[in-house]
$ cat data_24.txt   # compact mmCIF, C-alpha atoms
# COMPACT_ATOMS: atom_id res chain seq x y z
CA MET A 191 -0.56 -10.80 8.34
CA CYS A 192 -1.60 -12.47 5.07
CA SER A 193 -1.56 -11.53 1.39
CA ALA A 194 -2.88 -12.41 -2.05
CA THR A 195 -1.47 -11.66 -5.49
CA PRO A 196 -2.46 -12.53 -9.08
CA GLU A 197 -0.85 -15.53 -10.75
CA TYR A 198 0.51 -13.69 -13.76
CA SER A 199 3.91 -12.01 -13.50
CA LEU A 200 4.83 -9.35 -16.07
CA SER A 201 8.59 -9.16 -16.54
CA ASN A 202 10.75 -6.21 -17.51
CA GLU A 203 11.62 -7.98 -20.74
CA GLU A 204 7.93 -8.17 -21.68
CA ILE A 205 7.44 -4.47 -20.94
CA SER A 206 10.43 -3.66 -23.16
CA LYS A 207 8.38 -5.02 -26.08
CA ILE A 208 5.79 -2.29 -25.49
CA VAL A 209 7.93 0.76 -24.66
CA GLU A 210 11.55 1.73 -25.20
CA THR A 211 13.23 0.34 -22.09
CA SER A 212 15.21 -2.66 -20.87
CA ASP A 213 15.50 -4.97 -17.88
CA GLU A 214 18.76 -3.26 -16.84
CA TRP A 215 17.29 0.25 -17.16
CA ILE A 216 14.26 -0.59 -14.99
CA ILE A 217 16.23 -2.46 -12.30
CA THR A 218 18.86 0.28 -12.06
CA ARG A 219 16.28 3.03 -11.58
CA THR A 220 13.62 1.24 -9.54
CA GLY A 221 14.83 -2.15 -8.28
CA ILE A 222 11.81 -3.84 -9.90
CA LYS A 223 12.26 -7.07 -11.88
CA GLN A 224 8.63 -8.07 -12.33
CA ARG A 225 5.13 -7.22 -11.15
CA LYS A 226 1.92 -9.22 -10.61
CA ILE A 227 -0.97 -8.24 -12.90
CA THR A 228 -4.67 -9.10 -12.64
CA ASN A 229 -6.69 -10.19 -15.66
CA GLN A 230 -9.98 -8.62 -16.75
CA HIS A 231 -12.00 -10.86 -14.42
CA ILE A 232 -10.14 -10.11 -11.16
CA GLY A 233 -10.46 -6.92 -9.13
CA ILE A 234 -10.15 -5.48 -5.63
CA THR A 235 -13.00 -7.52 -4.14
CA ASP A 236 -11.43 -10.79 -5.26
CA LEU A 237 -7.85 -10.12 -4.10
CA ALA A 238 -8.92 -8.45 -0.85
CA SER A 239 -11.30 -11.29 0.02
CA GLN A 240 -8.58 -13.88 -0.58
CA ALA A 241 -6.18 -12.05 1.75
CA ALA A 242 -8.94 -11.49 4.32
CA LYS A 243 -9.91 -15.17 4.47
CA LYS A 244 -6.26 -16.13 5.04
CA ALA A 245 -5.93 -13.53 7.82
CA ILE A 246 -9.09 -14.78 9.53
CA LYS A 247 -7.82 -18.36 9.42
CA ASN A 248 -4.38 -17.29 10.64
CA ALA A 249 -5.91 -15.43 13.60
CA LYS A 250 -7.97 -18.53 14.49
CA ILE A 251 -11.24 -16.64 14.51
CA GLU A 252 -14.42 -16.81 12.43
CA SER A 253 -15.76 -14.21 10.03
CA LYS A 254 -18.71 -13.52 12.31
CA ASP A 255 -16.27 -12.43 15.05
CA ILE A 256 -15.18 -9.37 13.06
CA ASP A 257 -16.67 -6.06 14.27
CA LEU A 258 -15.25 -3.74 11.60
CA ILE A 259 -13.62 -3.94 8.16
CA ILE A 260 -11.43 -1.09 6.90
CA LEU A 261 -10.36 -1.37 3.27
CA ALA A 262 -7.53 0.86 2.06
CA THR A 263 -7.65 1.21 -1.72
CA SER A 264 -7.43 3.82 -4.45
CA SER A 265 -8.53 1.51 -7.26
CA PRO A 266 -11.95 0.15 -6.23
CA ASP A 267 -14.16 -1.95 -8.46
CA ASP A 268 -17.03 0.32 -7.40
CA LEU A 269 -16.59 4.05 -6.69
CA PHE A 270 -19.27 3.76 -4.00
CA GLY A 271 -16.92 1.43 -2.11
CA ASN A 272 -15.77 -2.19 -1.97
CA ALA A 273 -15.57 -2.84 1.78
CA SER A 274 -19.24 -3.78 1.97
CA GLN A 275 -18.82 -6.24 -0.92
CA ILE A 276 -15.90 -7.86 0.90
CA GLN A 277 -17.97 -8.02 4.10
CA TYR A 278 -20.60 -9.99 2.20
CA LYS A 279 -18.12 -12.20 0.32
CA ILE A 280 -16.27 -13.36 3.45
CA GLY A 281 -19.43 -13.75 5.53
CA ALA A 282 -18.58 -11.10 8.14
CA ILE A 283 -22.27 -10.61 8.93
CA ASN A 284 -21.68 -8.65 12.14
CA ALA A 285 -19.11 -6.21 10.76
CA ALA A 286 -19.44 -2.57 9.81
CA ALA A 287 -17.31 -1.76 6.76
CA PHE A 288 -15.90 1.28 4.99
CA ASP A 289 -13.20 2.28 2.49
CA VAL A 290 -10.20 4.57 3.05
CA THR A 291 -8.72 6.35 0.03
CA ALA A 292 -5.17 7.48 0.80
CA ALA A 293 -3.19 5.82 -2.00
CA CYS A 294 0.14 4.37 -0.87
CA SER A 295 -0.31 5.61 2.71
CA GLY A 296 -3.66 3.88 2.98
CA PHE A 297 -2.69 0.73 4.86
CA VAL A 298 -0.78 2.54 7.62
CA ILE A 299 -3.53 5.15 7.97
CA SER A 300 -6.13 2.37 8.19
CA LEU A 301 -4.04 0.59 10.83
CA ILE A 302 -3.85 3.77 12.90
CA THR A 303 -7.60 4.35 12.44
CA GLY A 304 -8.44 0.79 13.48
CA ALA A 305 -6.28 1.09 16.59
CA GLN A 306 -8.23 4.17 17.66
CA PHE A 307 -11.52 2.25 17.40
CA ILE A 308 -10.06 -0.52 19.57
CA ASN A 309 -8.60 1.93 22.11
CA SER A 310 -11.98 3.64 22.43
CA GLY A 311 -13.61 0.32 23.28
CA LEU A 312 -16.07 0.57 20.39
CA TYR A 313 -14.75 -2.53 18.59
CA LYS A 314 -12.69 -5.54 19.67
CA THR A 315 -11.81 -7.28 16.39
CA ILE A 316 -11.00 -5.34 13.23
CA LEU A 317 -9.97 -6.55 9.77
CA ILE A 318 -7.57 -4.14 8.04
CA ILE A 319 -7.02 -4.65 4.31
CA GLY A 320 -4.68 -2.86 1.90
CA ALA A 321 -5.42 -3.67 -1.74
CA ASP A 322 -4.86 -2.06 -5.12
CA VAL A 323 -4.99 -2.98 -8.81
CA LEU A 324 -3.28 0.05 -10.28
CA SER A 325 -2.24 -1.90 -13.38
CA LYS A 326 -5.79 -1.22 -14.60
CA TRP A 327 -5.13 2.53 -14.43
CA VAL A 328 -1.72 2.59 -16.14
CA ASP A 329 -1.03 3.91 -19.62
CA TRP A 330 1.03 0.99 -20.94
CA TYR A 331 2.73 3.31 -23.43
CA ASP A 332 3.95 5.73 -20.73
CA ARG A 333 7.43 4.57 -19.72
CA LYS A 334 7.41 6.77 -16.60
CA THR A 335 4.57 4.81 -14.98
CA CYS A 336 4.00 1.48 -16.75
CA ILE A 337 7.21 -0.03 -15.34
CA LEU A 338 6.23 0.68 -11.73
CA PHE A 339 2.83 -0.65 -10.75
CA GLY A 340 1.52 -4.09 -9.87
CA ASP A 341 -1.53 -5.58 -8.14
CA GLY A 342 -1.97 -7.21 -4.74
CA ALA A 343 -3.70 -7.29 -1.37
CA GLY A 344 -2.70 -7.76 2.26
CA ALA A 345 -4.77 -8.16 5.41
CA VAL A 346 -4.31 -8.28 9.17
CA ILE A 347 -6.59 -8.77 12.18
CA LEU A 348 -6.38 -6.20 14.99
CA GLN A 349 -7.68 -7.32 18.37
CA SER A 350 -7.99 -5.62 21.74
CA SER A 351 -5.39 -6.63 24.32
CA LYS A 352 -4.07 -5.47 27.68
CA GLU A 353 -0.83 -4.22 26.13
CA ASN A 354 -0.85 -1.36 23.61
CA ARG A 355 1.33 -2.60 20.76
CA ILE A 356 1.29 0.68 18.82
CA LEU A 357 4.08 2.76 20.35
CA ALA A 358 3.72 5.88 18.20
CA SER A 359 2.07 7.05 15.00
CA SER A 360 1.56 10.05 12.74
CA ILE A 361 -0.46 11.03 9.66
CA ASN A 362 0.58 13.97 7.45
CA THR A 363 -0.71 15.67 4.31
CA ASP A 364 0.47 18.37 1.90
CA GLY A 365 -2.34 18.95 -0.57
CA SER A 366 -0.38 21.60 -2.48
CA GLN A 367 1.62 18.76 -4.09
CA ASN A 368 -1.39 16.73 -5.23
CA HIS A 369 -0.64 17.35 -8.91
CA GLN A 370 2.71 15.52 -8.69
CA LEU A 371 1.02 12.11 -8.47
CA SER A 372 -2.60 11.78 -9.43
CA LEU A 373 -5.33 9.86 -11.22
CA LYS A 374 -7.73 12.59 -12.26
CA CYS A 375 -11.12 12.50 -13.91
CA ASN A 376 -12.20 14.36 -17.04
CA SER A 377 -15.62 15.53 -18.18
CA ILE A 378 -17.30 15.07 -21.53
CA ILE A 379 -20.65 16.38 -22.75
CA SER A 380 -23.43 13.79 -22.62
CA ASN A 381 -26.21 16.18 -23.65
CA SER A 382 -25.23 19.40 -25.43
CA GLU A 383 -28.74 20.84 -25.47
CA LEU A 384 -28.95 20.87 -21.65
CA ASN A 385 -25.18 21.21 -21.17
CA LEU A 386 -25.00 17.99 -19.16
CA HIS A 387 -21.69 16.22 -18.56
CA HIS A 388 -20.43 12.92 -17.27
CA ARG A 389 -16.99 12.03 -15.96
CA TYR A 390 -14.43 9.33 -16.64
CA TYR A 391 -11.00 8.63 -15.15
CA ASN A 392 -7.77 8.98 -17.06
CA PHE A 393 -4.42 7.24 -16.43
CA ILE A 394 -1.98 7.65 -13.53
CA GLU A 395 0.20 10.75 -13.93
CA MET A 396 3.42 11.09 -11.96
CA ASN A 397 6.37 13.45 -11.63
CA GLY A 398 8.93 10.89 -10.48
CA LYS A 399 11.61 13.41 -9.49
CA GLU A 400 9.24 15.33 -7.23
CA VAL A 401 7.88 12.16 -5.62
CA TYR A 402 11.44 11.07 -4.84
CA LYS A 403 12.35 14.48 -3.36
CA PHE A 404 9.20 14.49 -1.26
CA ALA A 405 9.72 10.98 0.10
CA VAL A 406 13.37 11.33 1.06
CA SER A 407 12.82 14.74 2.68
CA LYS A 408 9.57 14.13 4.60
CA LEU A 409 9.80 10.49 5.70
CA PRO A 410 13.05 10.58 7.74
CA SER A 411 11.89 13.48 9.91
CA ALA A 412 8.43 11.94 10.43
CA ILE A 413 10.01 8.64 11.44
CA GLU A 414 12.48 10.35 13.79
CA GLN A 415 9.62 12.20 15.44
CA CYS A 416 7.71 8.95 16.03
CA ILE A 417 10.83 7.27 17.44
CA LYS A 418 11.18 10.16 19.87
CA SER A 419 7.49 9.98 20.81
CA ALA A 420 7.86 6.27 21.54
CA ASN A 421 10.87 6.95 23.81
CA LEU A 422 13.05 4.80 21.58
CA THR A 423 16.32 5.28 19.72
CA ILE A 424 17.31 4.20 16.21
CA GLN A 425 19.24 1.33 17.81
CA ASP A 426 15.98 0.04 19.34
CA ILE A 427 14.42 -0.44 15.90
CA ASP A 428 14.52 -4.00 14.60
CA TRP A 429 12.86 -3.56 11.20
CA LEU A 430 12.08 -0.80 8.71
CA VAL A 431 9.17 -1.52 6.36
CA LEU A 432 8.64 1.34 3.91
CA HIS A 433 6.07 1.55 1.15
CA GLN A 434 7.61 -0.44 -1.70
CA ALA A 435 7.73 2.26 -4.38
CA ASN A 436 11.35 2.51 -5.47
CA GLU A 437 14.54 0.93 -4.17
CA ARG A 438 16.40 4.24 -4.34
CA ILE A 439 13.83 5.84 -2.02
CA ILE A 440 13.96 2.92 0.42
CA ASN A 441 17.77 2.96 0.58
CA THR A 442 18.06 6.75 0.84
CA VAL A 443 15.56 6.99 3.70
CA ALA A 444 17.32 4.15 5.54
CA GLU A 445 20.70 5.85 5.07
CA LYS A 446 19.38 9.15 6.43
CA LEU A 447 18.10 7.30 9.50
CA CYS A 448 21.35 5.30 9.86
CA ILE A 449 19.41 2.03 9.64
CA PRO A 450 21.58 -0.78 8.20
CA ASN A 451 20.52 -2.87 5.19
CA ASN A 452 19.98 -5.99 7.30
CA LYS A 453 17.08 -4.23 9.04
CA ILE A 454 15.27 -3.26 5.81
CA ILE A 455 12.34 -5.33 4.53
CA ASN A 456 12.22 -5.16 0.73
CA ASN A 457 10.37 -7.32 -1.79
CA LEU A 458 9.88 -4.64 -4.43
CA ASP A 459 11.72 -6.66 -7.07
CA LYS A 460 8.95 -9.29 -7.27
CA TYR A 461 5.81 -7.17 -7.02
CA GLY A 462 6.54 -3.59 -8.06
CA ASN A 463 4.57 -0.76 -6.48
CA THR A 464 1.29 -2.27 -5.21
CA SER A 465 0.25 0.95 -3.43
CA ALA A 466 -1.84 0.21 -0.30
CA ALA A 467 -0.93 -3.47 -0.55
CA SER A 468 2.84 -3.03 -0.56
CA ILE A 469 3.50 -2.86 3.20
CA PRO A 470 1.30 -5.84 4.17
CA LEU A 471 2.77 -7.84 1.25
CA ALA A 472 6.29 -7.14 2.50
CA LEU A 473 5.34 -7.94 6.10
CA ASP A 474 3.69 -11.22 5.12
CA GLU A 475 6.83 -12.43 3.36
CA ALA A 476 9.08 -11.31 6.22
CA ILE A 477 6.94 -13.20 8.73
CA GLU A 478 6.87 -16.28 6.53
CA LYS A 479 10.69 -16.17 6.40
CA GLN A 480 10.69 -15.82 10.21
CA GLN A 481 12.56 -12.53 10.00
CA ILE A 482 10.16 -10.59 12.25
CA LYS A 483 9.84 -12.00 15.76
CA ILE A 484 7.47 -11.40 18.66
CA ASN A 485 8.26 -8.11 20.48
CA ASP A 486 10.40 -6.76 17.63
CA ASN A 487 10.09 -2.99 17.17
CA VAL A 488 8.84 -2.43 13.62
CA ILE A 489 8.53 0.86 11.74
CA MET A 490 5.97 1.00 8.95
CA ALA A 491 5.83 4.11 6.78
CA GLY A 492 3.66 4.85 3.78
CA PHE A 493 3.96 7.77 1.38
CA GLY A 494 2.40 8.79 -1.89
CA ALA A 495 -0.37 10.64 -3.68
CA GLY A 496 -1.96 13.52 -1.93
CA PHE A 497 0.86 14.03 -0.90
CA THR A 498 0.31 11.93 2.20
CA TRP A 499 2.79 10.22 4.49
CA SER A 500 2.09 8.15 7.57
CA VAL A 501 4.21 6.33 10.15
CA VAL A 502 3.48 3.76 12.81
CA ILE A 503 5.88 2.09 15.24
CA LEU A 504 4.62 -1.10 16.80
CA LYS A 505 5.88 -3.86 19.02
CA TRP A 506 5.18 -6.98 17.01
CA GLY A 507 2.89 -9.54 18.56
$ encode --input "data_24.txt" --output "structure tokens"
Amino acid sequence: MCSATPEYSLSNEEISKIVETSDEWIITRTGIKQRKITNQHIGITDLASQAAKKAIKNAKIESKDIDLIILATSSPDDLFGNASQIQYKIGAINAAAFDVTAACSGFVISLITGAQFINSGLYKTILIIGADVLSKWVDWYDRKTCILFGDGAGAVILQSSKENRILASSINTDGSQNHQLSLKCNSIISNSELNLHHRYYNFIEMNGKEVYKFAVSKLPSAIEQCIKSANLTIQDIDWLVLHQANERIINTVAEKLCIPNNKIINNLDKYGNTSAASIPLALDEAIEKQQIKINDNVIMAGFGAGFTWSVVILKWG
């Protein structure tokens, strides 16, 4: 597991110069102290490629060994997809490549998808990337959203092995709640005589209260179901890695599951909500700190726009 983030950190104090807020107000409500922000020259392809190259080196393989690249992102540089650009940039000449758009659930869904390809025998080595630059889609004068989002990327190599490391998984969707968290496009007339239109995307819109209610009601039951499917108990779980959206959500879900604080992976304070990148970013730091060990039982759970929520339990290795 490897990651990449921009150099620039935007602090709560700096945001308080733009909108009416404060460091204390943001930390109390979200747990975020700062977030990493890309400049105008850096996008998904750059961050994702950096993380991918690190993951390839860490796995002690070469780019040409990769059979498939799955990129989870909701903020591509190119609406036609970025996975193929990453394939070219890292020299993965033998790899197929495609994008997955599932917002903050994207990395876990991509991991589950990749595992199915490996289990089927179609591919042996898969590069999974979660990357987003949602700071480019934030209205910096909207206090509800501008305090939350940051940019980043994380990548991992999946390889076939004799032992199935994924113990249980689930993917869920409730499209009726899509309007609670969205980044919608608008149309404007480009030729009035022929009534022709073209589209452009607006800013992120979010109903924070509804997102919180959704996360703390849906995630615990989905996680409990996966634990049961894996023939495990809560006591068997070594680590809980939730999408890093809000500290209140993370703590409430853990409390409902009776998982103690010392089993929670949380780096939200340094990066903010990096959407599809948040789980691999948190995992990378935990591994670097030698928190997660071989054969630990790890729960990863993503949730967000759509609404979508996804869970995977794996034995680390």
$ atom_distance --input "data_24.txt" --atom1 "atom CA of A:Ala321" --atom2 "atom CA of A:Gly340"
10.7 Å
$ atom_distance --input "data_24.txt" --atom1 "atom CA of A:Phe270" --atom2 "atom CA of A:Phe288"
9.9 Å
$ atom_distance --input "data_24.txt" --atom1 "atom CA of A:Ala435" --atom2 "atom CA of A:Thr423"
25.8 Å
$ residues_around --input "data_24.txt" --residues "A:Ile427" --least-positions-apart "4" --cutoff "12 Å" --atoms "all atoms listed in the file" --output "VMD selection string"
chain A and resid 357 413 to 414 416 to 418 420 to 423 431 444 447 to 450 452 to 454 482 485 to 490 503 to 506
$ residues_around --input "data_24.txt" --residues "A:Trp499" --least-positions-apart "5" --cutoff "9 Å" --atoms "only C-alpha atoms" --output "list in words"
Cys294, Ser295, Ile299, Ser360, Ile361, Asn362, Thr363, Asp364, Ala405, Lys408, Leu409, Ala412, Ala491, Gly492, Phe493 and Gly494 of chain A
$ closest_residue --input "data_24.txt" --among "A:Ala293, A:Ala194, A:Ile455, A:Ile440" --to "A:Asp236" --atoms "all atoms listed in the file"
A:Ala194
$ closest_residue --input "data_24.txt" --among "A:Gln415, A:Ser500, A:Asn456, A:Thr464" --to "A:Ile234" --atoms "only C-alpha atoms"
A:Thr464
$ closest_residue --input "data_24.txt" --among "A:Lys207, A:Lys483, A:Lys352, A:His433" --to "A:Tyr331" --atoms "all atoms listed in the file"
A:Lys207
$ residues_around --input "data_24.txt" --residues "A:Arg225" --least-positions-apart "5" --cutoff "10 Å" --atoms "only C-alpha atoms" --output "count of residues only"
21
$ residues_near_point --input "data_24.txt" --point "(1.6, -9.5, 4.1)" --cutoff "6 Å" --atoms "all atoms listed in the file" --output "PyMOL selection string"
chain A and resi 191-193+344+470-474
$ residues_near_point --input "data_24.txt" --point "(13.3, 1.6, -9.4)" --cutoff "8 Å" --atoms "only C-alpha atoms" --output "PyMOL selection string"
chain A and resi 216-222+338+435-438
$ residues_around --input "data_24.txt" --residues "A:Tyr278" --least-positions-apart "5" --cutoff "10 Å" --atoms "all atoms listed in the file" --output "number ranges by chain"
A: 239, 273, 283, 285, 287
$ axis_aligned_box --input "data_24.txt" --around "stretch 439-447 of chain A" --padding-each-side "5 Å" --output "lines of an AutoDock Vina configuration file"
center_x = 17.3
center_y = 6.0
center_z = 3.7
size_x = 16.9
size_y = 16.2
size_z = 21.5
$ closest_residue --input "data_24.txt" --among "A:Asn376, A:Ile259, A:Met396, A:Ser382" --to "A:Ala242" --atoms "all atoms listed in the file"
A:Ile259
$ closest_residue --input "data_24.txt" --among "A:Ser359, A:Val209, A:Gly304, A:Phe393" --to "A:Val346" --atoms "all atoms listed in the file"
A:Gly304
$ closest_residue --input "data_24.txt" --among "A:Ser264, A:Ser300, A:Ser253, A:Ser206" --to "A:Ile280" --atoms "all atoms listed in the file"
A:Ser253
$ build_atoms --input "data_24.txt" --residues "stretch 379-408 of chain A" --atoms "N, CA and C atoms" --output "PDB file, in the coordinates of the input"
ATOM      1  N   ILE A 379     -19.233  16.008 -22.634  1.00  0.00           N
ATOM      2  CA  ILE A 379     -20.650  16.380 -22.750  1.00  0.00           C
ATOM      3  C   ILE A 379     -21.469  15.139 -23.088  1.00  0.00           C
ATOM      4  N   SER A 380     -22.529  14.897 -22.325  1.00  0.00           N
ATOM      5  CA  SER A 380     -23.430  13.790 -22.620  1.00  0.00           C
ATOM      6  C   SER A 380     -24.739  14.278 -23.240  1.00  0.00           C
ATOM      7  N   ASN A 381     -25.034  15.580 -23.018  1.00  0.00           N
ATOM      8  CA  ASN A 381     -26.210  16.180 -23.650  1.00  0.00           C
ATOM      9  C   ASN A 381     -25.909  17.660 -23.875  1.00  0.00           C
ATOM     10  N   SER A 382     -25.643  18.035 -25.128  1.00  0.00           N
ATOM     11  CA  SER A 382     -25.230  19.400 -25.430  1.00  0.00           C
ATOM     12  C   SER A 382     -26.379  20.391 -25.291  1.00  0.00           C
ATOM     13  N   GLU A 383     -27.584  19.944 -25.546  1.00  0.00           N
ATOM     14  CA  GLU A 383     -28.740  20.840 -25.470  1.00  0.00           C
ATOM     15  C   GLU A 383     -28.950  21.364 -24.054  1.00  0.00           C
ATOM     16  N   LEU A 384     -28.779  20.481 -23.055  1.00  0.00           N
ATOM     17  CA  LEU A 384     -28.950  20.870 -21.650  1.00  0.00           C
ATOM     18  C   LEU A 384     -27.621  21.123 -20.949  1.00  0.00           C
ATOM     19  N   ASN A 385     -26.526  21.013 -21.709  1.00  0.00           N
ATOM     20  CA  ASN A 385     -25.180  21.210 -21.170  1.00  0.00           C
ATOM     21  C   ASN A 385     -24.912  20.277 -19.982  1.00  0.00           C
ATOM     22  N   LEU A 386     -25.226  19.009 -20.176  1.00  0.00           N
ATOM     23  CA  LEU A 386     -25.000  17.990 -19.160  1.00  0.00           C
ATOM     24  C   LEU A 386     -23.713  17.232 -19.457  1.00  0.00           C
ATOM     25  N   HIS A 387     -22.989  16.882 -18.399  1.00  0.00           N
ATOM     26  CA  HIS A 387     -21.690  16.220 -18.560  1.00  0.00           C
ATOM     27  C   HIS A 387     -21.646  14.935 -17.739  1.00  0.00           C
ATOM     28  N   HIS A 388     -20.773  14.042 -18.147  1.00  0.00           N
ATOM     29  CA  HIS A 388     -20.430  12.920 -17.270  1.00  0.00           C
ATOM     30  C   HIS A 388     -18.915  12.784 -17.238  1.00  0.00           C
ATOM     31  N   ARG A 389     -18.428  12.092 -16.200  1.00  0.00           N
ATOM     32  CA  ARG A 389     -16.990  12.030 -15.960  1.00  0.00           C
ATOM     33  C   ARG A 389     -16.433  10.626 -16.217  1.00  0.00           C
ATOM     34  N   TYR A 390     -15.150  10.581 -16.524  1.00  0.00           N
ATOM     35  CA  TYR A 390     -14.430   9.330 -16.640  1.00  0.00           C
ATOM     36  C   TYR A 390     -13.009   9.563 -16.128  1.00  0.00           C
ATOM     37  N   TYR A 391     -12.359   8.497 -15.698  1.00  0.00           N
ATOM     38  CA  TYR A 391     -11.000   8.630 -15.150  1.00  0.00           C
ATOM     39  C   TYR A 391      -9.953   8.369 -16.214  1.00  0.00           C
ATOM     40  N   ASN A 392      -8.868   9.114 -16.122  1.00  0.00           N
ATOM     41  CA  ASN A 392      -7.770   8.980 -17.060  1.00  0.00           C
ATOM     42  C   ASN A 392      -6.754   7.992 -16.514  1.00  0.00           C
ATOM     43  N   PHE A 393      -5.488   8.101 -16.908  1.00  0.00           N
ATOM     44  CA  PHE A 393      -4.420   7.240 -16.430  1.00  0.00           C
ATOM     45  C   PHE A 393      -3.660   7.908 -15.274  1.00  0.00           C
ATOM     46  N   ILE A 394      -2.854   7.117 -14.579  1.00  0.00           N
ATOM     47  CA  ILE A 394      -1.980   7.650 -13.530  1.00  0.00           C
ATOM     48  C   ILE A 394      -0.971   8.611 -14.160  1.00  0.00           C
ATOM     49  N   GLU A 395      -0.809   9.773 -13.515  1.00  0.00           N
ATOM     50  CA  GLU A 395       0.200  10.750 -13.930  1.00  0.00           C
ATOM     51  C   GLU A 395       1.159  10.976 -12.766  1.00  0.00           C
ATOM     52  N   MET A 396       2.454  10.992 -13.043  1.00  0.00           N
ATOM     53  CA  MET A 396       3.420  11.090 -11.960  1.00  0.00           C
ATOM     54  C   MET A 396       4.652  11.882 -12.377  1.00  0.00           C
ATOM     55  N   ASN A 397       5.083  12.752 -11.486  1.00  0.00           N
ATOM     56  CA  ASN A 397       6.370  13.450 -11.630  1.00  0.00           C
ATOM     57  C   ASN A 397       7.344  12.712 -10.709  1.00  0.00           C
ATOM     58  N   GLY A 398       8.072  11.772 -11.257  1.00  0.00           N
ATOM     59  CA  GLY A 398       8.930  10.890 -10.480  1.00  0.00           C
ATOM     60  C   GLY A 398       9.966  11.615  -9.642  1.00  0.00           C
ATOM     61  N   LYS A 399      10.577  12.669 -10.207  1.00  0.00           N
ATOM     62  CA  LYS A 399      11.610  13.410  -9.490  1.00  0.00           C
ATOM     63  C   LYS A 399      11.042  14.081  -8.239  1.00  0.00           C
ATOM     64  N   GLU A 400       9.852  14.652  -8.370  1.00  0.00           N
ATOM     65  CA  GLU A 400       9.240  15.330  -7.230  1.00  0.00           C
ATOM     66  C   GLU A 400       8.782  14.356  -6.160  1.00  0.00           C
ATOM     67  N   VAL A 401       8.284  13.187  -6.587  1.00  0.00           N
ATOM     68  CA  VAL A 401       7.880  12.160  -5.620  1.00  0.00           C
ATOM     69  C   VAL A 401       9.090  11.684  -4.828  1.00  0.00           C
ATOM     70  N   TYR A 402      10.203  11.492  -5.517  1.00  0.00           N
ATOM     71  CA  TYR A 402      11.440  11.070  -4.840  1.00  0.00           C
ATOM     72  C   TYR A 402      11.881  12.127  -3.824  1.00  0.00           C
ATOM     73  N   LYS A 403      11.914  13.394  -4.252  1.00  0.00           N
ATOM     74  CA  LYS A 403      12.350  14.480  -3.360  1.00  0.00           C
ATOM     75  C   LYS A 403      11.456  14.583  -2.137  1.00  0.00           C
ATOM     76  N   PHE A 404      10.155  14.451  -2.366  1.00  0.00           N
ATOM     77  CA  PHE A 404       9.200  14.490  -1.260  1.00  0.00           C
ATOM     78  C   PHE A 404       9.450  13.365  -0.265  1.00  0.00           C
ATOM     79  N   ALA A 405       9.585  12.146  -0.776  1.00  0.00           N
ATOM     80  CA  ALA A 405       9.720  10.980   0.100  1.00  0.00           C
ATOM     81  C   ALA A 405      10.985  11.046   0.944  1.00  0.00           C
ATOM     82  N   VAL A 406      12.104  11.363   0.324  1.00  0.00           N
ATOM     83  CA  VAL A 406      13.370  11.330   1.060  1.00  0.00           C
ATOM     84  C   VAL A 406      13.553  12.544   1.970  1.00  0.00           C
ATOM     85  N   SER A 407      12.737  13.582   1.783  1.00  0.00           N
ATOM     86  CA  SER A 407      12.820  14.740   2.680  1.00  0.00           C
ATOM     87  C   SER A 407      11.832  14.642   3.835  1.00  0.00           C
ATOM     88  N   LYS A 408      10.626  14.151   3.582  1.00  0.00           N
ATOM     89  CA  LYS A 408       9.570  14.130   4.600  1.00  0.00           C
ATOM     90  C   LYS A 408       9.611  12.892   5.499  1.00  0.00           C
TER      91      LYS A 408
END
